[in-house]
file start.cif (mmCIF, C-alpha atoms)
data_structure
#
loop_
_atom_site.label_atom_id
_atom_site.label_comp_id
_atom_site.auth_asym_id
_atom_site.auth_seq_id
_atom_site.Cartn_x
_atom_site.Cartn_y
_atom_site.Cartn_z
CA MET N 85 80.42 128.44 177.94
CA ARG N 86 80.29 126.00 175.07
CA SER N 87 76.62 126.66 174.44
CA ILE N 88 76.82 130.39 173.61
CA PRO N 89 75.13 130.78 170.21
CA PRO N 90 77.27 132.25 167.40
CA ALA N 91 75.08 135.34 167.03
CA THR N 92 75.58 136.10 170.72
CA VAL N 93 79.33 135.56 170.39
CA SER N 94 79.43 138.09 167.57
CA ARG N 95 77.81 140.70 169.87
CA LEU N 96 80.08 140.15 172.89
CA PRO N 97 82.94 142.26 171.46
CA VAL N 98 80.43 145.05 170.81
CA TYR N 99 79.32 145.01 174.45
CA LEU N 100 82.92 144.99 175.63
CA ARG N 101 83.79 147.96 173.40
CA SER N 102 80.66 149.78 174.56
CA LEU N 103 81.67 149.36 178.22
CA ARG N 104 85.15 150.63 177.37
CA ASP N 105 83.60 153.74 175.81
CA LEU N 106 81.79 154.64 179.06
CA PRO N 107 83.20 157.48 181.17
CA GLU N 108 85.92 156.08 183.42
CA ARG N 109 84.15 157.04 186.65
CA GLN N 110 80.94 155.16 185.72
CA ALA N 111 80.76 152.03 187.92
CA THR N 112 77.43 150.53 186.82
CA CYS N 113 75.59 150.32 183.52
CA SER N 114 71.93 149.48 182.88
CA SER N 115 70.94 147.05 180.14
CA ASP N 116 69.10 149.98 178.50
CA GLN N 117 72.26 152.07 178.34
CA LEU N 118 74.36 149.16 177.14
CA ALA N 119 71.71 148.37 174.52
CA ALA N 120 71.77 151.95 173.25
CA LEU N 121 75.56 151.95 173.02
CA ALA N 122 75.67 148.58 171.29
CA GLY N 123 72.79 149.28 168.93
CA VAL N 124 70.59 146.33 169.97
CA ASN N 125 67.47 146.18 172.15
CA SER N 126 67.78 145.73 175.91
CA ALA N 127 66.00 142.34 175.96
CA GLN N 128 68.70 141.08 173.59
CA VAL N 129 71.42 142.47 175.89
CA ARG N 130 69.96 140.72 178.92
CA LYS N 131 69.56 137.45 177.02
CA ASP N 132 73.09 137.59 175.57
CA LEU N 133 74.71 138.45 178.90
CA SER N 134 72.73 135.76 180.76
CA PHE N 135 75.16 133.24 179.20
CA LEU N 136 77.93 134.84 181.26
CA ASN N 137 76.03 134.78 184.59
CA PRO N 138 76.83 138.41 185.36
CA ALA N 139 76.21 139.93 188.78
CA GLY N 140 73.43 142.32 187.83
CA VAL N 141 71.67 144.26 190.58
CA ARG N 142 68.01 144.95 189.89
CA GLY N 143 67.38 148.67 189.43
CA VAL N 144 71.10 149.45 189.40
CA GLY N 145 72.49 147.51 186.45
CA TYR N 146 75.66 145.64 185.69
CA ASP N 147 78.94 146.26 187.45
CA VAL N 148 81.07 147.69 184.64
CA ALA N 149 84.43 146.29 185.76
CA GLY N 150 83.00 142.88 186.61
CA LEU N 151 81.07 142.57 183.37
CA SER N 152 84.12 143.67 181.35
CA ASP N 153 86.15 140.92 183.01
CA LEU N 154 83.46 138.32 182.22
CA LEU N 155 83.34 139.44 178.59
CA ARG N 156 87.13 139.40 178.23
CA ASP N 157 87.24 135.97 179.80
CA ALA N 158 84.45 134.59 177.59
CA LEU N 159 86.16 135.96 174.49
CA GLY N 160 89.54 134.57 175.49
CA LEU N 161 91.01 138.07 175.64
CA THR N 162 92.99 137.31 178.77
CA HIS N 163 96.28 136.85 176.94
CA GLU N 164 98.12 138.03 173.83
CA TYR N 165 97.58 136.57 170.37
CA ALA N 166 100.22 136.48 167.64
CA VAL N 167 98.73 137.49 164.29
CA ALA N 168 100.18 136.92 160.81
CA ILE N 169 99.05 138.89 157.77
CA VAL N 170 99.32 137.16 154.40
CA GLY N 171 99.40 139.59 151.49
CA ALA N 172 101.24 142.90 151.76
CA GLY N 173 99.28 144.83 149.16
CA ASN N 174 97.29 147.94 150.05
CA LEU N 175 94.91 146.09 152.34
CA GLY N 176 97.59 144.02 154.08
CA SER N 177 99.66 147.15 154.57
CA ALA N 178 96.67 149.03 155.96
CA LEU N 179 96.01 146.19 158.41
CA ALA N 180 99.67 146.03 159.44
CA ASN N 181 99.47 149.75 160.22
CA TYR N 182 96.08 149.49 161.97
CA ARG N 183 96.42 150.87 165.47
CA GLY N 184 93.25 149.31 166.81
CA PHE N 185 94.61 145.78 167.27
CA ALA N 186 97.26 146.27 169.94
CA GLY N 187 94.89 147.61 172.63
CA TRP N 188 92.96 144.32 172.51
CA GLY N 189 95.91 141.95 172.84
CA PHE N 190 96.61 141.31 169.16
CA GLU N 191 100.17 141.63 167.96
CA VAL N 192 101.09 141.41 164.29
CA VAL N 193 104.21 139.22 164.34
CA ALA N 194 104.58 138.45 160.63
CA LEU N 195 103.70 139.83 157.21
CA PHE N 196 104.07 137.70 154.09
CA ASP N 197 103.96 138.37 150.36
CA SER N 198 104.58 136.25 147.29
CA ASP N 199 106.08 139.15 145.35
CA PRO N 200 109.91 138.92 145.57
CA SER N 201 110.18 142.67 144.95
CA LYS N 202 108.23 143.33 148.17
CA VAL N 203 110.09 140.83 150.36
CA GLY N 204 112.59 142.54 152.65
CA SER N 205 110.94 145.95 152.61
CA GLU N 206 109.34 147.20 155.84
CA ILE N 207 105.76 148.04 156.77
CA ALA N 208 104.94 149.36 160.24
CA GLY N 209 108.45 148.46 161.34
CA ARG N 210 108.09 144.83 160.26
CA GLU N 211 109.93 143.21 157.38
CA ILE N 212 107.87 141.52 154.66
CA GLU N 213 108.81 137.83 154.52
CA PRO N 214 108.58 135.37 151.63
CA MET N 215 105.73 132.87 151.40
CA ALA N 216 108.29 130.07 151.44
CA ASP N 217 108.90 130.86 155.12
CA LEU N 218 105.21 130.74 156.12
CA GLU N 219 105.18 127.35 157.89
CA ARG N 220 108.44 127.93 159.76
CA VAL N 221 107.51 131.44 160.92
CA VAL N 222 104.00 130.39 162.00
CA ALA N 223 105.49 127.64 164.17
CA ASP N 224 108.42 129.69 165.53
CA ARG N 225 106.31 132.70 166.53
CA GLY N 226 103.23 130.81 167.70
CA VAL N 227 100.85 132.44 165.23
CA ALA N 228 97.28 131.86 166.47
CA ILE N 229 95.34 133.98 163.98
CA ALA N 230 96.03 134.64 160.31
CA ILE N 231 94.57 137.42 158.21
CA ILE N 232 94.28 136.67 154.49
CA ALA N 233 94.60 139.86 152.44
CA THR N 234 95.59 138.28 149.13
CA PRO N 235 93.77 138.42 145.78
CA ALA N 236 90.81 136.02 145.57
CA GLU N 237 92.71 133.54 143.37
CA ALA N 238 95.41 132.96 145.99
CA ALA N 239 93.19 132.75 149.08
CA GLN N 240 92.36 129.03 149.11
CA GLU N 241 95.97 127.91 148.68
CA VAL N 242 97.05 130.26 151.45
CA ALA N 243 94.26 128.93 153.71
CA ASP N 244 95.33 125.33 153.01
CA ARG N 245 98.91 126.12 154.00
CA LEU N 246 97.82 127.96 157.15
CA VAL N 247 95.61 125.05 158.20
CA ALA N 248 98.42 122.57 157.55
CA ALA N 249 100.63 124.79 159.73
CA ASP N 250 98.06 124.43 162.58
CA VAL N 251 96.49 127.89 162.38
CA ARG N 252 92.92 127.48 163.64
CA SER N 253 91.50 131.00 163.18
CA ILE N 254 91.43 132.88 159.89
CA LEU N 255 90.08 136.31 159.09
CA ASN N 256 89.43 136.42 155.35
CA PHE N 257 89.35 139.73 153.48
CA ALA N 258 89.77 138.12 150.05
CA PRO N 259 86.51 138.07 148.08
CA ALA N 260 86.45 134.27 148.00
CA SER N 261 84.75 131.51 150.00
CA LEU N 262 87.27 129.26 151.76
CA ARG N 263 86.93 125.53 152.36
CA VAL N 264 88.50 124.57 155.70
CA PRO N 265 88.15 121.65 158.14
CA GLY N 266 85.47 121.89 160.81
CA ASN N 267 87.94 122.71 163.58
CA VAL N 268 89.08 125.91 161.85
CA ALA N 269 87.13 129.14 162.32
CA VAL N 270 86.91 131.50 159.38
CA ARG N 271 85.37 134.96 159.55
CA ARG N 272 84.89 136.69 156.26
CA VAL N 273 84.81 140.47 156.12
CA HIS N 274 82.27 141.72 153.58
CA LEU N 275 82.83 145.42 153.13
CA SER N 276 79.78 145.82 150.89
CA THR N 277 77.51 144.73 153.79
CA GLU N 278 78.30 147.95 155.63
CA LEU N 279 77.42 150.03 152.58
CA GLN N 280 74.11 148.21 152.23
CA ILE N 281 73.15 149.10 155.78
CA LEU N 282 73.80 152.73 154.85
CA THR N 283 71.60 152.54 151.76
CA PHE N 284 68.75 151.44 154.03
CA HIS N 285 69.21 154.71 155.88
CA LEU N 286 69.31 156.69 152.62
CA LYS N 287 66.07 155.07 151.55
CA GLN N 288 64.44 156.06 154.87
CA LEU N 289 65.56 159.66 154.35
CA ALA N 290 64.13 159.67 150.84
CA GLY N 291 60.83 158.31 152.22
CA ASP N 292 60.77 161.18 154.71
CA GLY N 293 60.96 163.63 151.83
CA GLY N 294 64.42 164.57 153.12
CA MET P 136 59.16 149.79 156.55
CA ARG P 137 60.05 152.56 158.95
CA SER P 138 59.76 150.33 161.99
CA ILE P 139 62.44 147.75 161.10
CA PRO P 140 64.78 147.61 164.13
CA PRO P 141 68.44 148.48 163.48
CA ALA P 142 69.66 145.00 164.43
CA THR P 143 67.33 143.50 161.82
CA VAL P 144 68.51 146.01 159.21
CA SER P 145 72.09 144.96 159.85
CA ARG P 146 71.15 141.34 159.08
CA LEU P 147 69.23 142.01 155.86
CA PRO P 148 72.39 142.30 153.71
CA VAL P 149 73.57 138.99 155.15
CA TYR P 150 70.32 137.30 154.08
CA LEU P 151 70.55 138.84 150.63
CA ARG P 152 74.14 137.68 150.20
CA SER P 153 73.20 134.21 151.47
CA LEU P 154 70.43 133.92 148.86
CA ARG P 155 72.87 135.04 146.17
CA ASP P 156 75.25 132.26 147.24
CA LEU P 157 72.60 129.56 146.65
CA PRO P 158 72.89 127.41 143.52
CA GLU P 159 71.23 129.24 140.61
CA ARG P 160 68.64 126.54 140.00
CA GLN P 161 67.36 126.61 143.61
CA ALA P 162 63.93 128.28 143.56
CA THR P 163 62.93 128.06 147.24
CA CYS P 164 64.82 128.28 150.51
CA SER P 165 63.70 127.21 153.99
CA SER P 166 64.26 129.45 156.99
CA ASP P 167 66.50 126.68 158.39
CA GLN P 168 68.75 126.76 155.33
CA LEU P 169 68.82 130.56 155.23
CA ALA P 170 69.61 130.59 158.96
CA ALA P 171 72.53 128.20 158.47
CA LEU P 172 73.92 130.27 155.60
CA ALA P 173 73.51 133.54 157.50
CA GLY P 174 74.83 132.21 160.82
CA VAL P 175 71.75 133.04 162.90
CA ASN P 176 68.95 130.82 164.23
CA SER P 177 65.86 130.16 162.14
CA ALA P 178 63.46 131.87 164.57
CA GLN P 179 65.50 135.04 164.10
CA VAL P 180 65.32 134.65 160.31
CA ARG P 181 61.54 134.31 160.40
CA LYS P 182 61.17 137.27 162.76
CA ASP P 183 63.53 139.49 160.71
CA LEU P 184 61.87 138.62 157.40
CA SER P 185 58.36 139.11 158.81
CA PHE P 186 59.04 142.86 158.53
CA LEU P 187 59.15 142.43 154.74
CA ASN P 188 55.91 140.43 154.49
CA PRO P 189 57.47 137.75 152.30
CA ALA P 190 55.39 135.14 150.47
CA GLY P 191 56.52 132.10 152.44
CA VAL P 192 54.83 128.76 151.74
CA ARG P 193 54.56 126.51 154.78
CA GLY P 194 56.69 123.39 154.34
CA VAL P 195 58.31 124.75 151.18
CA GLY P 196 60.05 127.93 152.25
CA TYR P 197 60.66 131.32 150.77
CA ASP P 198 60.66 132.01 147.05
CA VAL P 199 64.31 132.91 146.44
CA ALA P 200 63.76 135.44 143.64
CA GLY P 201 60.82 137.10 145.39
CA LEU P 202 62.59 137.35 148.73
CA SER P 203 65.74 138.72 147.06
CA ASP P 204 63.63 141.44 145.45
CA LEU P 205 62.02 142.31 148.80
CA LEU P 206 65.42 142.52 150.47
CA ARG P 207 66.90 144.67 147.72
CA ASP P 208 63.88 146.92 147.87
CA ALA P 209 64.00 147.22 151.68
CA LEU P 210 67.70 148.04 151.55
CA GLY P 211 67.28 150.60 148.81
CA LEU P 212 69.47 148.58 146.46
CA THR P 213 67.26 149.25 143.47
CA HIS P 214 69.52 151.91 142.02
CA GLU P 215 73.18 152.91 141.87
CA TYR P 216 74.94 154.87 144.59
CA ALA P 217 77.87 157.18 144.01
CA VAL P 218 80.57 156.65 146.65
CA ALA P 219 83.47 158.95 147.55
CA ILE P 220 86.53 157.75 149.43
CA VAL P 221 88.36 160.31 151.56
CA GLY P 222 91.95 159.36 152.28
CA ALA P 223 94.07 157.64 149.66
CA GLY P 224 96.52 155.87 151.95
CA ASN P 225 96.82 152.10 152.07
CA LEU P 226 93.27 151.58 153.31
CA GLY P 227 91.67 154.08 150.93
CA SER P 228 93.62 152.57 148.05
CA ALA P 229 92.55 149.06 149.05
CA LEU P 230 88.91 150.19 149.18
CA ALA P 231 89.19 151.92 145.79
CA ASN P 232 90.48 148.66 144.36
CA TYR P 233 87.89 146.52 146.17
CA ARG P 234 85.96 144.52 143.58
CA GLY P 235 83.06 143.63 145.87
CA PHE P 236 81.28 147.01 145.66
CA ALA P 237 80.29 147.18 142.00
CA GLY P 238 78.13 144.05 142.02
CA TRP P 239 75.87 145.65 144.62
CA GLY P 240 75.29 148.97 142.89
CA PHE P 241 78.08 151.00 144.51
CA GLU P 242 80.33 153.01 142.25
CA VAL P 243 83.40 154.81 143.55
CA VAL P 244 83.21 158.17 141.78
CA ALA P 245 85.83 160.13 143.71
CA LEU P 246 88.96 159.65 145.77
CA PHE P 247 90.42 162.49 147.83
CA ASP P 248 93.66 163.07 149.69
CA SER P 249 95.15 166.02 151.52
CA ASP P 250 98.70 165.16 150.45
CA PRO P 251 99.65 167.29 147.41
CA SER P 252 102.20 164.66 146.35
CA LYS P 253 99.38 162.11 145.95
CA VAL P 254 96.95 164.37 144.12
CA GLY P 255 96.87 163.65 140.39
CA SER P 256 98.15 160.08 140.63
CA GLU P 257 95.76 157.26 139.77
CA ILE P 258 94.31 154.40 141.81
CA ALA P 259 92.02 151.84 140.18
CA GLY P 260 91.80 154.09 137.12
CA ARG P 261 90.64 157.08 139.14
CA GLU P 262 92.64 160.24 139.74
CA ILE P 263 93.22 161.31 143.35
CA GLU P 264 91.68 164.77 143.85
CA PRO P 265 92.59 167.49 146.35
CA MET P 266 90.53 168.03 149.51
CA ALA P 267 89.83 171.58 148.34
CA ASP P 268 87.55 170.13 145.64
CA LEU P 269 85.51 167.96 148.04
CA GLU P 270 82.33 170.06 148.19
CA ARG P 271 82.22 170.75 144.44
CA VAL P 272 82.87 167.12 143.46
CA VAL P 273 80.34 165.76 145.96
CA ALA P 274 77.66 168.04 144.50
CA ASP P 275 78.61 167.54 140.83
CA ARG P 276 78.73 163.75 141.02
CA GLY P 277 75.82 163.25 143.40
CA VAL P 278 77.85 161.48 146.07
CA ALA P 279 75.43 159.65 148.40
CA ILE P 280 77.86 157.73 150.57
CA ALA P 281 81.32 158.71 151.79
CA ILE P 282 83.96 156.41 153.18
CA ILE P 283 86.40 158.00 155.63
CA ALA P 284 89.79 156.31 155.47
CA THR P 285 91.89 159.10 156.96
CA PRO P 286 93.99 159.09 160.13
CA ALA P 287 91.95 159.47 163.31
CA GLU P 288 92.97 163.12 163.78
CA ALA P 289 91.48 164.19 160.45
CA ALA P 290 88.23 162.21 160.60
CA GLN P 291 85.98 164.72 162.42
CA GLU P 292 86.88 167.63 160.17
CA VAL P 293 86.29 165.47 157.09
CA ALA P 294 82.93 164.36 158.50
CA ASP P 295 81.92 167.97 159.17
CA ARG P 296 82.71 168.94 155.58
CA LEU P 297 80.85 165.92 154.18
CA VAL P 298 77.78 166.71 156.28
CA ALA P 299 77.89 170.36 155.19
CA ALA P 300 78.07 169.09 151.59
CA ASP P 301 74.82 167.14 152.20
CA VAL P 302 76.28 163.64 152.45
CA ARG P 303 73.92 161.69 154.71
CA SER P 304 75.67 158.30 154.97
CA ILE P 305 79.22 157.81 156.18
CA LEU P 306 81.23 154.62 156.58
CA ASN P 307 84.02 155.37 159.04
CA PHE P 308 87.22 153.29 159.06
CA ALA P 309 89.19 155.86 161.07
CA PRO P 310 89.65 154.79 164.71
CA ALA P 311 87.69 157.80 165.99
CA SER P 312 84.12 158.45 167.13
CA LEU P 313 82.37 161.00 164.93
CA ARG P 314 79.82 163.59 166.04
CA VAL P 315 77.21 164.12 163.32
CA PRO P 316 73.64 165.47 163.22
CA GLY P 317 70.79 163.03 163.83
CA ASN P 318 69.85 162.83 160.17
CA VAL P 319 73.26 161.45 159.18
CA ALA P 320 73.96 157.72 159.44
CA VAL P 321 77.45 156.66 160.43
CA ARG P 322 78.64 153.06 160.45
CA ARG P 323 81.99 152.47 162.05
CA VAL P 324 84.06 149.50 160.99
CA HIS P 325 85.92 147.97 163.94
CA LEU P 326 88.43 145.51 162.57
CA SER P 327 89.40 144.28 166.04
CA THR P 328 85.84 143.02 166.63
CA GLU P 329 86.34 140.33 164.02
CA LEU P 330 89.54 139.19 165.68
CA GLN P 331 87.79 139.00 169.04
CA ILE P 332 85.16 136.66 167.62
CA LEU P 333 88.03 134.44 166.47
CA THR P 334 89.62 134.40 169.90
CA PHE P 335 86.36 133.04 171.29
CA HIS P 336 86.78 130.13 168.91
CA LEU P 337 90.42 129.63 169.95
CA LYS P 338 89.36 129.55 173.57
CA GLN P 339 86.76 126.85 172.79
CA LEU P 340 89.43 124.77 171.04
CA ALA P 341 91.73 125.11 174.03
CA GLY P 342 88.89 124.02 176.33
CA ASP P 343 88.45 120.93 174.14
CA GLY P 344 92.05 120.01 174.74
CA GLY P 345 92.59 120.58 171.01
#
call {"tool": "encode", "arguments": {"input": "start.cif", "output": "structure tokens"}}
result
Amino acid sequence: MRSIPPATVSRLPVYLRSLRDLPERQATCSSDQLAALAGVNSAQVRKDLSFLNPAGVRGVGYDVAGLSDLLRDALGLTHEYAVAIVGAGNLGSALANYRGFAGWGFEVVALFDSDPSKVGSEIAGREIEPMADLERVVADRGVAIAIIATPAEAAQEVADRLVAADVRSILNFAPASLRVPGNVAVRRVHLSTELQILTFHLKQLAGDGG
Amino acid sequence: MRSIPPATVSRLPVYLRSLRDLPERQATCSSDQLAALAGVNSAQVRKDLSFLNPAGVRGVGYDVAGLSDLLRDALGLTHEYAVAIVGAGNLGSALANYRGFAGWGFEVVALFDSDPSKVGSEIAGREIEPMADLERVVADRGVAIAIIATPAEAAQEVADRLVAADVRSILNFAPASLRVPGNVAVRRVHLSTELQILTFHLKQLAGDGG
């Protein structure tokens, strides 16, 4: 498992979600269908999934339930993860309210803010806690993943504290590059990337005279 | 240009951002370095960029300024795009305040909400407008891209109105699949996907005994 390339890893959740979107009664799925759902080509699908040694049947396709299990296992989605959100501004609040996490085994167990006027108020049924409690709460509640939704200026200090508190996975929404040790994974969400993919489409339409 | 595969298109913004992150004085960039910055392998970089016919010099690499221009051109980033945000809840507000859009030629020109108590208040210096004005505002301000940040239940109706108002690119944050005509591009942002990539990393750490 250790040798799965990062680009393949980033596509595994897309395959898993695509399988989940299939009609419930569908038992098998061809690489062509999975490719269409995931938005990649079918050779890429077969290559990516070959890392998981799936039981594909030639001419029939992948067993949907079996492949879903392999994907969940590869992604470590076989148990629950405690998530902390740092920064309870608009973005942090939106993430705390986001309904898409729970179905995948992610539970938001803490929400922090440095603003004393926010501490104690509730978002999505969870009380905002002060930054001073970060280390204690992370340890007590077994936080595995932290989401940084602070302003850019605060992000590095927050990351340093999370790393010192043994958090090894960080999702960074702050528009800032983070320096972390090699054993910490950081994913940065670039919202402008999605818009740029759309402008490609707009340019194609313009080229079509549309 | 028309034949660039979707998966390649989705990586072009990553390459462009990676080049922008290089030190200013760096004039050339190898495919190995670009691959490392973009998180893909160098064969993929060379294959993706071959669609743009870049002026690569063997043993030296790509000309940074020239390649950046090709990428911007391919992505249609050579002019400004007017963006409308529909839904002024926490997520819509966070997006309206997001500082990462402007540097790439995206300007938020309108912000809509269906809640009369929100209409008229300001976010990021822009007044929230009523949904009744959607079609007129989209036409008057030449909105090219719309961001849907409504609850799931409202997303399809909003998409239908945007499409009828001639918006051809939609970025969908609502946890709902949208049905749109074939000439409309929709990108859906799945926040849980990013967390799943992080759990893969956590699983690797656990396997290391770390």
call {"tool": "interface_residues", "arguments": {"input": "start.cif", "of": "chain P", "to": "chain N", "cutoff": "6 Å", "atoms": "only C-alpha atoms", "output": "PyMOL selection string"}}
result
chain P and resi 142+145+148+175+210-211+225-226+229+236+304+327-328+332-335+338
call {"tool": "resolve_selection", "arguments": {"input": "start.cif", "expression": "the PyMOL selection byres ((chain N and resi 246) around 10)", "output": "list in words"}}
result
Ala168, Val170, Leu218, Glu219, Val222, Val227, Ile229, Ala230, Ile232, Gln240, Glu241, Val242, Ala243, Asp244, Arg245, Val247, Ala248, Ala249, Asp250, Val251, Arg252, Ser253 and Ile254 of chain N
call {"tool": "atom_distance", "arguments": {"input": "start.cif", "atom1": "CA of Leu118 (chain N)", "atom2": "CA of Ala290 (chain P)"}}
result
25.2 Å
call {"tool": "axis_aligned_box", "arguments": {"input": "start.cif", "around": "region 268-274 of chain P", "padding_each_side": "5 Å", "output": "AutoDock Vina command-line options"}}
result
--center_x 82.6 --center_y 168.3 --center_z 145.8 --size_x 19.9 --size_y 15.0 --size_z 14.7
call {"tool": "closest_residue", "arguments": {"input": "start.cif", "among": "N:Ala233, N:Val193, N:Arg109, N:Ala172", "to": "Ser205 (chain N)", "atoms": "only C-alpha atoms"}}
result
N:Ala172
call {"tool": "atom_distance", "arguments": {"input": "start.cif", "atom1": "CA of Glu213 (chain N)", "atom2": "CA of Phe196 (chain N)"}}
result
4.8 Å
call {"tool": "atom_distance", "arguments": {"input": "start.cif", "atom1": "CA of Arg130 (chain N)", "atom2": "CA of Ser115 (chain N)"}}
result
6.5 Å
call {"tool": "residues_around", "arguments": {"input": "start.cif", "residues": "Val195 (chain P)", "least_positions_apart": "6", "cutoff": "10 Å", "atoms": "only C-alpha atoms", "output": "PyMOL selection string"}}
result
chain P and resi 163-166
call {"tool": "residues_around", "arguments": {"input": "start.cif", "residues": "region 134-137 of chain N", "least_positions_apart": "3", "cutoff": "7 Å", "atoms": "all atoms listed in the file", "output": "list in words"}}
result
Ile88, Arg130, Lys131 and Leu154 of chain N
call {"tool": "write_last_selection", "arguments": {"input": "start.cif", "atoms": "C-alpha atoms", "output": "compact mmCIF listing (two decimals), in the frame of the given file"}}
result
# COMPACT_ATOMS: atom_id res chain seq x y z
CA ILE N 88 76.82 130.39 173.61
CA ARG N 130 69.96 140.72 178.92
CA LYS N 131 69.56 137.45 177.02
CA LEU N 154 83.46 138.32 182.22
